[in-house]
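Next up, run19.cif (mmCIF, C-alpha atoms and all ligand atoms):
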```
data_query
#
loop_
_atom_site.group_PDB
_atom_site.id
_atom_site.type_symbol
_atom_site.label_atom_id
_atom_site.label_comp_id
_atom_site.auth_asym_id
_atom_site.auth_seq_id
_atom_site.Cartn_x
_atom_site.Cartn_y
_atom_site.Cartn_z
ATOM 1 C CA MET A 1 151.568 54.733 47.683
ATOM 2 C CA LYS A 2 154.161 52.035 48.008
ATOM 3 C CA SER A 3 154.814 51.791 44.285
ATOM 4 C CA VAL A 4 155.342 55.538 44.100
ATOM 5 C CA ALA A 5 158.039 55.310 46.753
ATOM 6 C CA VAL A 6 159.711 52.392 45.045
ATOM 7 C CA GLY A 7 159.639 54.192 41.709
ATOM 8 C CA LEU A 8 161.225 57.233 43.272
ATOM 9 C CA VAL A 9 164.021 55.223 44.816
ATOM 10 C CA LEU A 10 164.749 53.652 41.434
ATOM 11 C CA LEU A 11 164.678 57.051 39.791
ATOM 12 C CA LEU A 12 167.082 58.513 42.323
ATOM 13 C CA GLY A 13 169.324 55.520 41.959
ATOM 14 C CA ALA A 14 169.430 56.173 38.253
ATOM 15 C CA CYS A 15 170.185 59.901 38.658
ATOM 16 C CA GLY A 16 172.934 59.177 41.117
ATOM 17 C CA GLY A 17 174.877 57.662 38.262
ATOM 18 C CA SER A 18 177.764 55.410 39.054
ATOM 19 C CA LYS A 19 177.317 54.795 42.746
ATOM 20 C CA SER A 20 174.467 52.740 44.046
ATOM 21 C CA THR A 21 172.755 53.645 47.311
ATOM 22 C CA THR A 22 172.628 50.057 48.478
ATOM 23 C CA SER A 23 174.456 48.559 51.376
ATOM 24 C CA GLY A 24 177.289 47.143 49.270
ATOM 25 C CA SER A 25 180.307 49.335 49.845
ATOM 26 C CA THR A 26 179.895 50.356 53.475
ATOM 27 C CA GLY A 27 178.163 47.304 54.878
ATOM 28 C CA LYS A 28 175.537 49.616 56.381
ATOM 29 C CA VAL A 29 171.856 49.283 55.680
ATOM 30 C CA SER A 30 170.667 51.928 53.236
ATOM 31 C CA ALA A 31 168.410 54.487 54.938
ATOM 32 C CA ILE A 32 166.726 55.130 51.609
ATOM 33 C CA GLU A 33 165.867 51.477 51.222
ATOM 34 C CA ALA A 34 164.917 50.994 54.843
ATOM 35 C CA MET A 35 162.645 54.021 55.226
ATOM 36 C CA GLY A 36 161.956 55.304 51.727
ATOM 37 C CA ILE A 37 161.776 58.899 50.582
ATOM 38 C CA THR A 38 158.295 59.272 51.980
ATOM 39 C CA PRO A 39 156.352 61.901 53.964
ATOM 40 C CA PRO A 40 156.091 61.881 57.769
ATOM 41 C CA GLU A 41 153.232 59.977 59.390
ATOM 42 C CA SER A 42 151.566 63.145 60.615
ATOM 43 C CA PRO A 43 151.651 66.364 58.566
ATOM 44 C CA TRP A 44 154.883 68.346 59.023
ATOM 45 C CA GLU A 45 152.862 71.477 59.764
ATOM 46 C CA GLU A 46 151.259 69.806 62.757
ATOM 47 C CA MET A 47 154.410 68.300 64.234
ATOM 48 C CA SER A 48 155.955 69.753 67.382
ATOM 49 C CA VAL A 49 159.498 71.068 67.176
ATOM 50 C CA ALA A 50 160.641 68.069 69.234
ATOM 51 C CA ASP A 51 158.984 65.647 66.801
ATOM 52 C CA ARG A 52 160.474 67.541 63.891
ATOM 53 C CA GLU A 53 163.939 67.240 65.371
ATOM 54 C CA PHE A 54 163.417 63.530 65.928
ATOM 55 C CA TYR A 55 162.259 63.139 62.324
ATOM 56 C CA MET A 56 165.315 65.034 61.083
ATOM 57 C CA ILE A 57 167.679 62.854 63.118
ATOM 58 C CA GLY A 58 165.984 59.555 62.345
ATOM 59 C CA LYS A 59 165.046 59.987 58.717
ATOM 60 C CA VAL A 60 165.891 63.230 56.879
ATOM 61 C CA ASN A 61 169.546 63.364 57.877
ATOM 62 C CA PRO A 62 170.450 59.720 57.110
ATOM 63 C CA ILE A 63 168.598 59.794 53.788
ATOM 64 C CA MET A 64 170.165 63.088 52.766
ATOM 65 C CA GLN A 65 173.586 61.791 53.777
ATOM 66 C CA GLU A 66 173.142 58.999 51.265
ATOM 67 C CA LEU A 67 171.936 61.279 48.506
ATOM 68 C CA PHE A 68 174.805 63.734 48.981
ATOM 69 C CA ALA A 69 177.380 60.945 49.270
ATOM 70 C CA ALA A 70 176.058 59.376 46.068
ATOM 71 C CA HIS A 71 176.600 62.740 44.358
ATOM 72 C CA ASP A 72 180.110 63.311 45.721
ATOM 73 C CA ALA A 73 181.379 60.876 48.317
ATOM 74 C CA GLU A 74 184.529 62.806 49.065
ATOM 75 C CA GLU A 75 183.060 66.290 49.353
ATOM 76 C CA PHE A 76 180.147 65.092 51.482
ATOM 77 C CA ALA A 77 181.881 62.390 53.516
ATOM 78 C CA ASP A 78 180.730 63.969 56.788
ATOM 79 C CA PHE A 79 177.505 65.525 55.620
ATOM 80 C CA ASP A 80 175.358 66.431 58.625
ATOM 81 C CA CYS A 81 172.767 68.807 60.078
ATOM 82 C CA VAL A 82 175.152 71.774 59.759
ATOM 83 C CA ASP A 83 175.355 71.444 55.995
ATOM 84 C CA CYS A 84 171.716 72.509 55.777
ATOM 85 C CA HIS A 85 171.240 74.407 59.038
ATOM 86 C CA GLY A 86 174.581 76.193 59.337
ATOM 87 C CA GLU A 87 177.043 76.365 62.228
ATOM 88 C CA GLU A 88 174.719 78.631 64.195
ATOM 89 C CA MET A 89 171.827 76.142 63.960
ATOM 90 C CA ARG A 90 171.265 75.848 67.721
ATOM 91 C CA GLU A 91 171.380 79.598 68.319
ATOM 92 C CA ILE A 92 168.761 80.197 65.626
ATOM 93 C CA ASN A 93 166.593 77.191 66.627
ATOM 94 C CA PHE A 94 167.069 75.442 63.286
ATOM 95 C CA GLU A 95 165.305 78.236 61.474
ATOM 96 C CA MET A 96 165.357 77.751 57.706
ATOM 97 C CA PRO A 97 166.628 78.952 55.344
ATOM 98 C CA ALA A 98 169.797 79.296 57.385
ATOM 99 C CA PRO A 99 171.223 82.799 56.848
ATOM 100 C CA SER A 100 174.734 81.386 56.397
ATOM 101 C CA MET A 101 173.732 79.199 53.435
ATOM 102 C CA TYR A 102 174.807 80.026 49.903
ATOM 103 C CA ILE A 103 172.432 82.650 48.480
ATOM 104 C CA VAL A 104 170.510 81.405 45.442
ATOM 105 C CA PRO A 105 169.753 84.498 43.328
ATOM 106 C CA PRO A 106 166.223 84.885 41.875
ATOM 107 C CA GLU A 107 165.666 83.288 38.470
ATOM 108 C CA GLY A 108 166.237 85.512 35.470
ATOM 109 C CA THR A 109 168.861 87.654 37.181
ATOM 110 C CA PRO A 110 172.531 87.857 36.157
ATOM 111 C CA GLY A 111 173.374 86.369 39.546
ATOM 112 C CA HIS A 112 171.273 83.303 38.749
ATOM 113 C CA ARG A 113 172.994 82.863 35.391
ATOM 114 C CA GLY A 114 176.318 83.212 37.181
ATOM 115 C CA MET A 115 175.341 80.448 39.574
ATOM 116 C CA MET A 116 174.355 78.181 36.666
ATOM 117 C CA SER A 117 177.747 78.595 35.033
ATOM 118 C CA THR A 118 179.785 78.361 38.246
ATOM 119 C CA PHE A 119 178.015 75.322 39.729
ATOM 120 C CA PRO A 120 176.374 73.442 36.824
ATOM 121 C CA GLU A 121 176.680 69.977 38.390
ATOM 122 C CA MET A 122 175.623 71.107 41.822
ATOM 123 C CA VAL A 123 172.570 72.976 40.502
ATOM 124 C CA LYS A 124 171.506 69.917 38.517
ATOM 125 C CA PHE A 125 171.798 67.759 41.630
ATOM 126 C CA MET A 126 169.906 70.361 43.652
ATOM 127 C CA GLU A 127 167.091 70.586 41.091
ATOM 128 C CA GLU A 128 166.733 66.921 40.250
ATOM 129 C CA THR A 129 167.461 65.256 43.567
ATOM 130 C CA VAL A 130 167.779 67.443 46.658
ATOM 131 C CA THR A 131 164.764 69.728 46.253
ATOM 132 C CA PRO A 132 162.210 67.059 45.228
ATOM 133 C CA SER A 133 163.503 64.641 47.888
ATOM 134 C CA MET A 134 163.225 67.241 50.637
ATOM 135 C CA GLY A 135 159.693 68.030 49.474
ATOM 136 C CA LYS A 136 158.777 64.333 49.646
ATOM 137 C CA LEU A 137 160.371 63.887 53.059
ATOM 138 C CA LEU A 138 158.365 66.809 54.440
ATOM 139 C CA GLY A 139 155.233 65.950 52.482
ATOM 140 C CA VAL A 140 155.263 69.452 51.025
ATOM 141 C CA ASN A 141 154.359 69.895 47.351
ATOM 142 C CA ASP A 142 155.849 73.247 46.533
ATOM 143 C CA PHE A 143 159.219 72.928 48.211
ATOM 144 C CA THR A 144 161.843 75.101 46.480
ATOM 145 C CA CYS A 145 165.476 76.153 46.765
ATOM 146 C CA ALA A 146 164.291 78.894 49.109
ATOM 147 C CA GLY A 147 163.346 76.259 51.678
ATOM 148 C CA CYS A 148 167.058 75.800 52.327
ATOM 149 C CA HIS A 149 168.870 78.742 50.698
ATOM 150 C CA PRO A 150 168.258 82.440 51.297
ATOM 151 C CA SER A 151 167.405 84.294 48.095
ATOM 152 C CA GLU A 152 168.983 87.570 49.097
ATOM 153 C CA ALA A 153 171.595 88.829 51.531
ATOM 154 C CA PRO A 154 170.217 89.259 55.055
ATOM 155 C CA LYS A 155 169.007 92.782 55.731
ATOM 156 C CA LYS A 156 169.442 92.864 59.465
ATOM 157 C CA LYS A 157 172.933 92.043 60.519
ATOM 158 C CA LYS A 158 173.186 91.197 64.155
ATOM 159 C CA THR A 159 176.669 89.782 64.062
ATOM 160 C CA ALA A 160 180.067 91.401 64.307
ATOM 161 C CA THR A 161 180.472 91.292 60.553
ATOM 162 C CA ALA A 162 178.086 94.221 60.299
ATOM 163 C CA LYS A 163 180.710 96.410 61.901
ATOM 164 C CA ARG A 164 183.460 95.393 59.545
ATOM 165 C CA LYS A 165 184.842 98.441 57.813
ATOM 166 C CA PRO A 166 185.398 98.320 54.094
ATOM 167 C CA SER A 167 189.025 99.251 54.617
ATOM 168 C CA LYS A 168 190.449 96.428 52.568
ATOM 169 C CA THR A 169 189.298 96.329 49.003
ATOM 170 C CA LYS A 170 188.903 92.772 47.923
ATOM 171 C CA ARG A 171 188.922 93.076 44.170
HETATM 172 C C1 LIG B 201 169.063 68.239 53.719
HETATM 173 C C2 LIG B 201 168.889 69.373 54.578
HETATM 174 C C3 LIG B 201 168.648 69.137 56.054
HETATM 175 C C4 LIG B 201 169.383 68.358 56.911
HETATM 176 C C5 LIG B 201 170.592 67.504 56.608
HETATM 177 C C6 LIG B 201 168.799 68.537 58.208
HETATM 178 N N1 LIG B 201 167.734 69.377 58.135
HETATM 179 FE FE1 LIG B 201 166.582 69.995 59.700
HETATM 180 N N2 LIG B 201 165.386 71.028 58.405
HETATM 181 C C7 LIG B 201 165.594 71.171 57.057
HETATM 182 C C8 LIG B 201 164.543 71.986 56.495
HETATM 183 C C9 LIG B 201 164.418 72.374 55.023
HETATM 184 C C10 LIG B 201 163.704 72.350 57.563
HETATM 185 C C11 LIG B 201 162.490 73.271 57.528
HETATM 186 C C12 LIG B 201 161.282 72.615 56.944
HETATM 187 C C13 LIG B 201 160.166 73.604 56.886
HETATM 188 O O1 LIG B 201 159.509 73.826 57.920
HETATM 189 O O2 LIG B 201 159.945 74.168 55.821
HETATM 190 C C14 LIG B 201 164.246 71.726 58.755
HETATM 191 C C15 LIG B 201 163.681 71.831 60.022
HETATM 192 C C16 LIG B 201 164.271 71.352 61.187
HETATM 193 C C17 LIG B 201 163.718 71.535 62.522
HETATM 194 C C18 LIG B 201 162.397 72.218 62.872
HETATM 195 C C19 LIG B 201 162.600 73.660 63.171
HETATM 196 C C20 LIG B 201 161.278 74.323 63.496
HETATM 197 O O3 LIG B 201 161.267 75.208 64.358
HETATM 198 O O4 LIG B 201 160.277 73.974 62.874
HETATM 199 C C21 LIG B 201 164.596 70.964 63.394
HETATM 200 C C22 LIG B 201 164.485 70.927 64.910
HETATM 201 C C23 LIG B 201 165.686 70.407 62.609
HETATM 202 N N3 LIG B 201 165.448 70.655 61.274
HETATM 203 C C24 LIG B 201 166.771 69.732 63.124
HETATM 204 C C25 LIG B 201 167.715 69.054 62.369
HETATM 205 C C26 LIG B 201 168.761 68.220 62.929
HETATM 206 C C27 LIG B 201 169.021 68.014 64.409
HETATM 207 C C28 LIG B 201 169.448 67.694 61.873
HETATM 208 C C29 LIG B 201 170.613 66.697 61.890
HETATM 209 C C30 LIG B 201 170.335 65.444 62.571
HETATM 210 C C31 LIG B 201 168.843 68.224 60.654
HETATM 211 N N4 LIG B 201 167.798 69.032 60.999
HETATM 212 C C32 LIG B 201 169.274 67.921 59.370
HETATM 213 C C33 LIG B 201 166.632 70.620 56.331
HETATM 214 C C34 LIG B 201 167.606 69.766 56.825
HETATM 215 C C1 LIG B 202 167.103 70.470 51.312
HETATM 216 C C2 LIG B 202 167.945 71.640 51.302
HETATM 217 C C3 LIG B 202 168.375 72.198 49.966
HETATM 218 C C4 LIG B 202 167.600 72.574 48.888
HETATM 219 C C5 LIG B 202 166.100 72.481 48.747
HETATM 220 C C6 LIG B 202 168.502 73.119 47.910
HETATM 221 N N1 LIG B 202 169.780 73.074 48.364
HETATM 222 FE FE1 LIG B 202 171.433 73.778 47.413
HETATM 223 N N2 LIG B 202 172.617 73.069 48.898
HETATM 224 C C7 LIG B 202 172.177 72.416 50.020
HETATM 225 C C8 LIG B 202 173.317 71.910 50.756
HETATM 226 C C9 LIG B 202 173.251 71.118 52.048
HETATM 227 C C10 LIG B 202 174.454 72.303 50.029
HETATM 228 C C11 LIG B 202 175.906 72.004 50.364
HETATM 229 C C12 LIG B 202 176.414 72.962 51.377
HETATM 230 C C13 LIG B 202 177.793 72.521 51.798
HETATM 231 O O1 LIG B 202 178.685 72.492 50.951
HETATM 232 O O2 LIG B 202 177.978 72.213 52.980
HETATM 233 C C14 LIG B 202 173.982 73.042 48.875
HETATM 234 C C15 LIG B 202 174.822 73.622 47.934
HETATM 235 C C16 LIG B 202 174.376 74.347 46.835
HETATM 236 C C17 LIG B 202 175.251 75.035 45.893
HETATM 237 C C18 LIG B 202 176.765 75.081 45.966
HETATM 238 C C19 LIG B 202 177.179 76.308 46.718
HETATM 239 C C20 LIG B 202 178.657 76.336 47.017
HETATM 240 O O3 LIG B 202 179.105 77.381 47.529
HETATM 241 O O4 LIG B 202 179.355 75.333 46.801
HETATM 242 C C21 LIG B 202 174.450 75.617 44.963
HETATM 243 C C22 LIG B 202 174.886 76.454 43.772
HETATM 244 C C23 LIG B 202 173.078 75.294 45.309
HETATM 245 N N3 LIG B 202 173.082 74.530 46.457
HETATM 246 C C24 LIG B 202 171.967 75.703 44.595
HETATM 247 C C25 LIG B 202 170.667 75.273 44.852
HETATM 248 C C26 LIG B 202 169.537 75.532 43.977
HETATM 249 C C27 LIG B 202 169.591 76.326 42.673
HETATM 250 C C28 LIG B 202 168.455 74.933 44.554
HETATM 251 C C29 LIG B 202 167.033 74.836 44.016
HETATM 252 C C30 LIG B 202 166.921 74.219 42.701
HETATM 253 C C31 LIG B 202 168.910 74.320 45.791
HETATM 254 N N4 LIG B 202 170.252 74.530 45.929
HETATM 255 C C32 LIG B 202 168.081 73.616 46.670
HETATM 256 C C33 LIG B 202 170.863 72.245 50.403
HETATM 257 C C34 LIG B 202 169.762 72.508 49.611
#
```

Translate the structure described by the file into structure tokens.
Ligand code: HEC
Ligand code: HEC
Amino acid sequence: MKSVAVGLVLLLGACGGSKSTTSGSTGKVSAIEAMGITPPESPWEEMSVADREFYMIGKVNPIMQELFAAHDAEEFADFDCVDCHGEEMREINFEMPAPSMYIVPPEGTPGHRGMMSTFPEMVKFMEETVTPSMGKLLGVNDFTCAGCHPSEAPKKKKTATAKRKPSKTKR
């Protein structure tokens, strides 16, 4: 088990490119090195919501902060819960995927091809680093983009935006 974790850290370090995830630049201890990108002690499925929140705060968030900062330190300088859960996270009890997240269109659709050409770097980072790391941190094998991103626009609109009239044409 241990060697798998170590191998993964090395692999992620390599993918991250220029910046290392070690303590060097900030003087802080690396969460990735301290805890490892490893599953929770008890299965995620069996954890209470309170334990899940604690796990997010203590492990998922600090590790993800490092991964996102290694990808783009400026863009993700204050990466936090809201980047995955959305501004309304407390109102929706941290339900995932957060409805306000960028919608990842289903594979094979023109929308998906559009995403690939608009965000090539980001998609690569999402595929190679974010998705597998989240899967490891939850101990879930088949974790996909849909664990964090909606795959279609929400059907029920409860918010004020539903009442917005199409008076202004945007294109
Ligand atoms: C990198 C993305 C990411 C970040 C950052 C993140 N979370 Fe999460 N969180 C998730 C995902 C994905 C799930 C759902 C996992 C599942 O059940 O499939 C989740 C689930 C949860 C849950 C459990 C909800 C439930 O009802 O099961 C809580 C509570 C939570 N997160 C709180 C937080 C808090 C608080 C923070 C900040 C300290 C945070 N999360 C940061 C991705 C993230
Ligand atoms: C663990 C949660 C998680 C998973 C899994 C995930 N993403 Fe993301 N994704 C994020 C976060 C967080 C951001 C940054 C949001 C922000 O800018 O605050 C993001 C941003 C993006 C963006 C940029 C959107 C924009 O408007 O800038 C694209 C494109 C994207 N993800 C595609 C994908 C694809 C494709 C997959 C599956 C291969 C995927 N993501 C898996 C959390 C996730």

Original post:
Which neighbours of segment 56-68 of chain A fall inside 10 Å, counting only C-alpha atoms, when residues of the same chain fewer than 2 positions from it are skipped, and could you give them as a PyMOL selection string?
Top reply: chain A and resi 12-13+16+20-22+30-38+40+50-54+70-81+84+125-126+129-130+133-134+137-138

Original post:
Suppose you want the space between atom FE1 of ligand LIG 201 (chain B) and atom CA of Met115 of chain A; what is it in Å?
Top reply: 24.3 Å

Original post:
From the set A:Glu88, A:Glu107, A:Val140, A:Asp83, which residue has the shortest atom-to-atom contact distance to ligand LIG 202 (chain B), counting only C-alpha atoms and all ligand atoms?
Top reply: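 Among A:Glu88, A:Glu107, A:Val140, A:Asp83, it is A:Asp83 that comes nearest to ligand LIG 202 (chain B).
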
Work out where the centre of an axis-aligned box around every listed atom of segment 111-119 of chain A lies and how long its edges are once 3 Å is added on each side; give both in Å to one decimal as lines of an AutoDock Vina configuration file.
```
center_x = 175.5
center_y = 80.8
center_z = 37.4
size_x = 14.5
size_y = 17.0
size_z = 10.7
```

Original post:
Care to translate the PyMOL selection byres (((chain A and resi 91-98) around 7) and not hetatm) into actual residues of this file, as a ChimeraX atom specification?
Top reply: /A:85-86,88-90,99-101,146-150

Subject >> Interatomic distance, atom CA of Phe143 of chain A to atom CA of Thr131 of chain A (Å, one decimal) >> reply: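 These atoms are spaced 6.7 Å apart.
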
**OP:** Grab the atom C17 of ligand LIG 201 (chain B) to atom CA of Tyr55 of chain A distance for me, in Å with one decimal place.
**Re:** 8.5 Å

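Compared by their closest atoms to Ser151 of chain A, and using all atoms listed in the file, the residues A:Glu128, A:Val104, A:Gly114, A:Phe119 rank with A:Val104 nearest.
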
Original post:
Between A:Thr144, A:Ser48, A:Ser117, A:Ser42, which has the minimum distance to ligand LIG 202 (chain B) (counting only C-alpha atoms and all ligand atoms)?
Top reply: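 Distance minimum relative to ligand LIG 202 (chain B) lands on A:Thr144.
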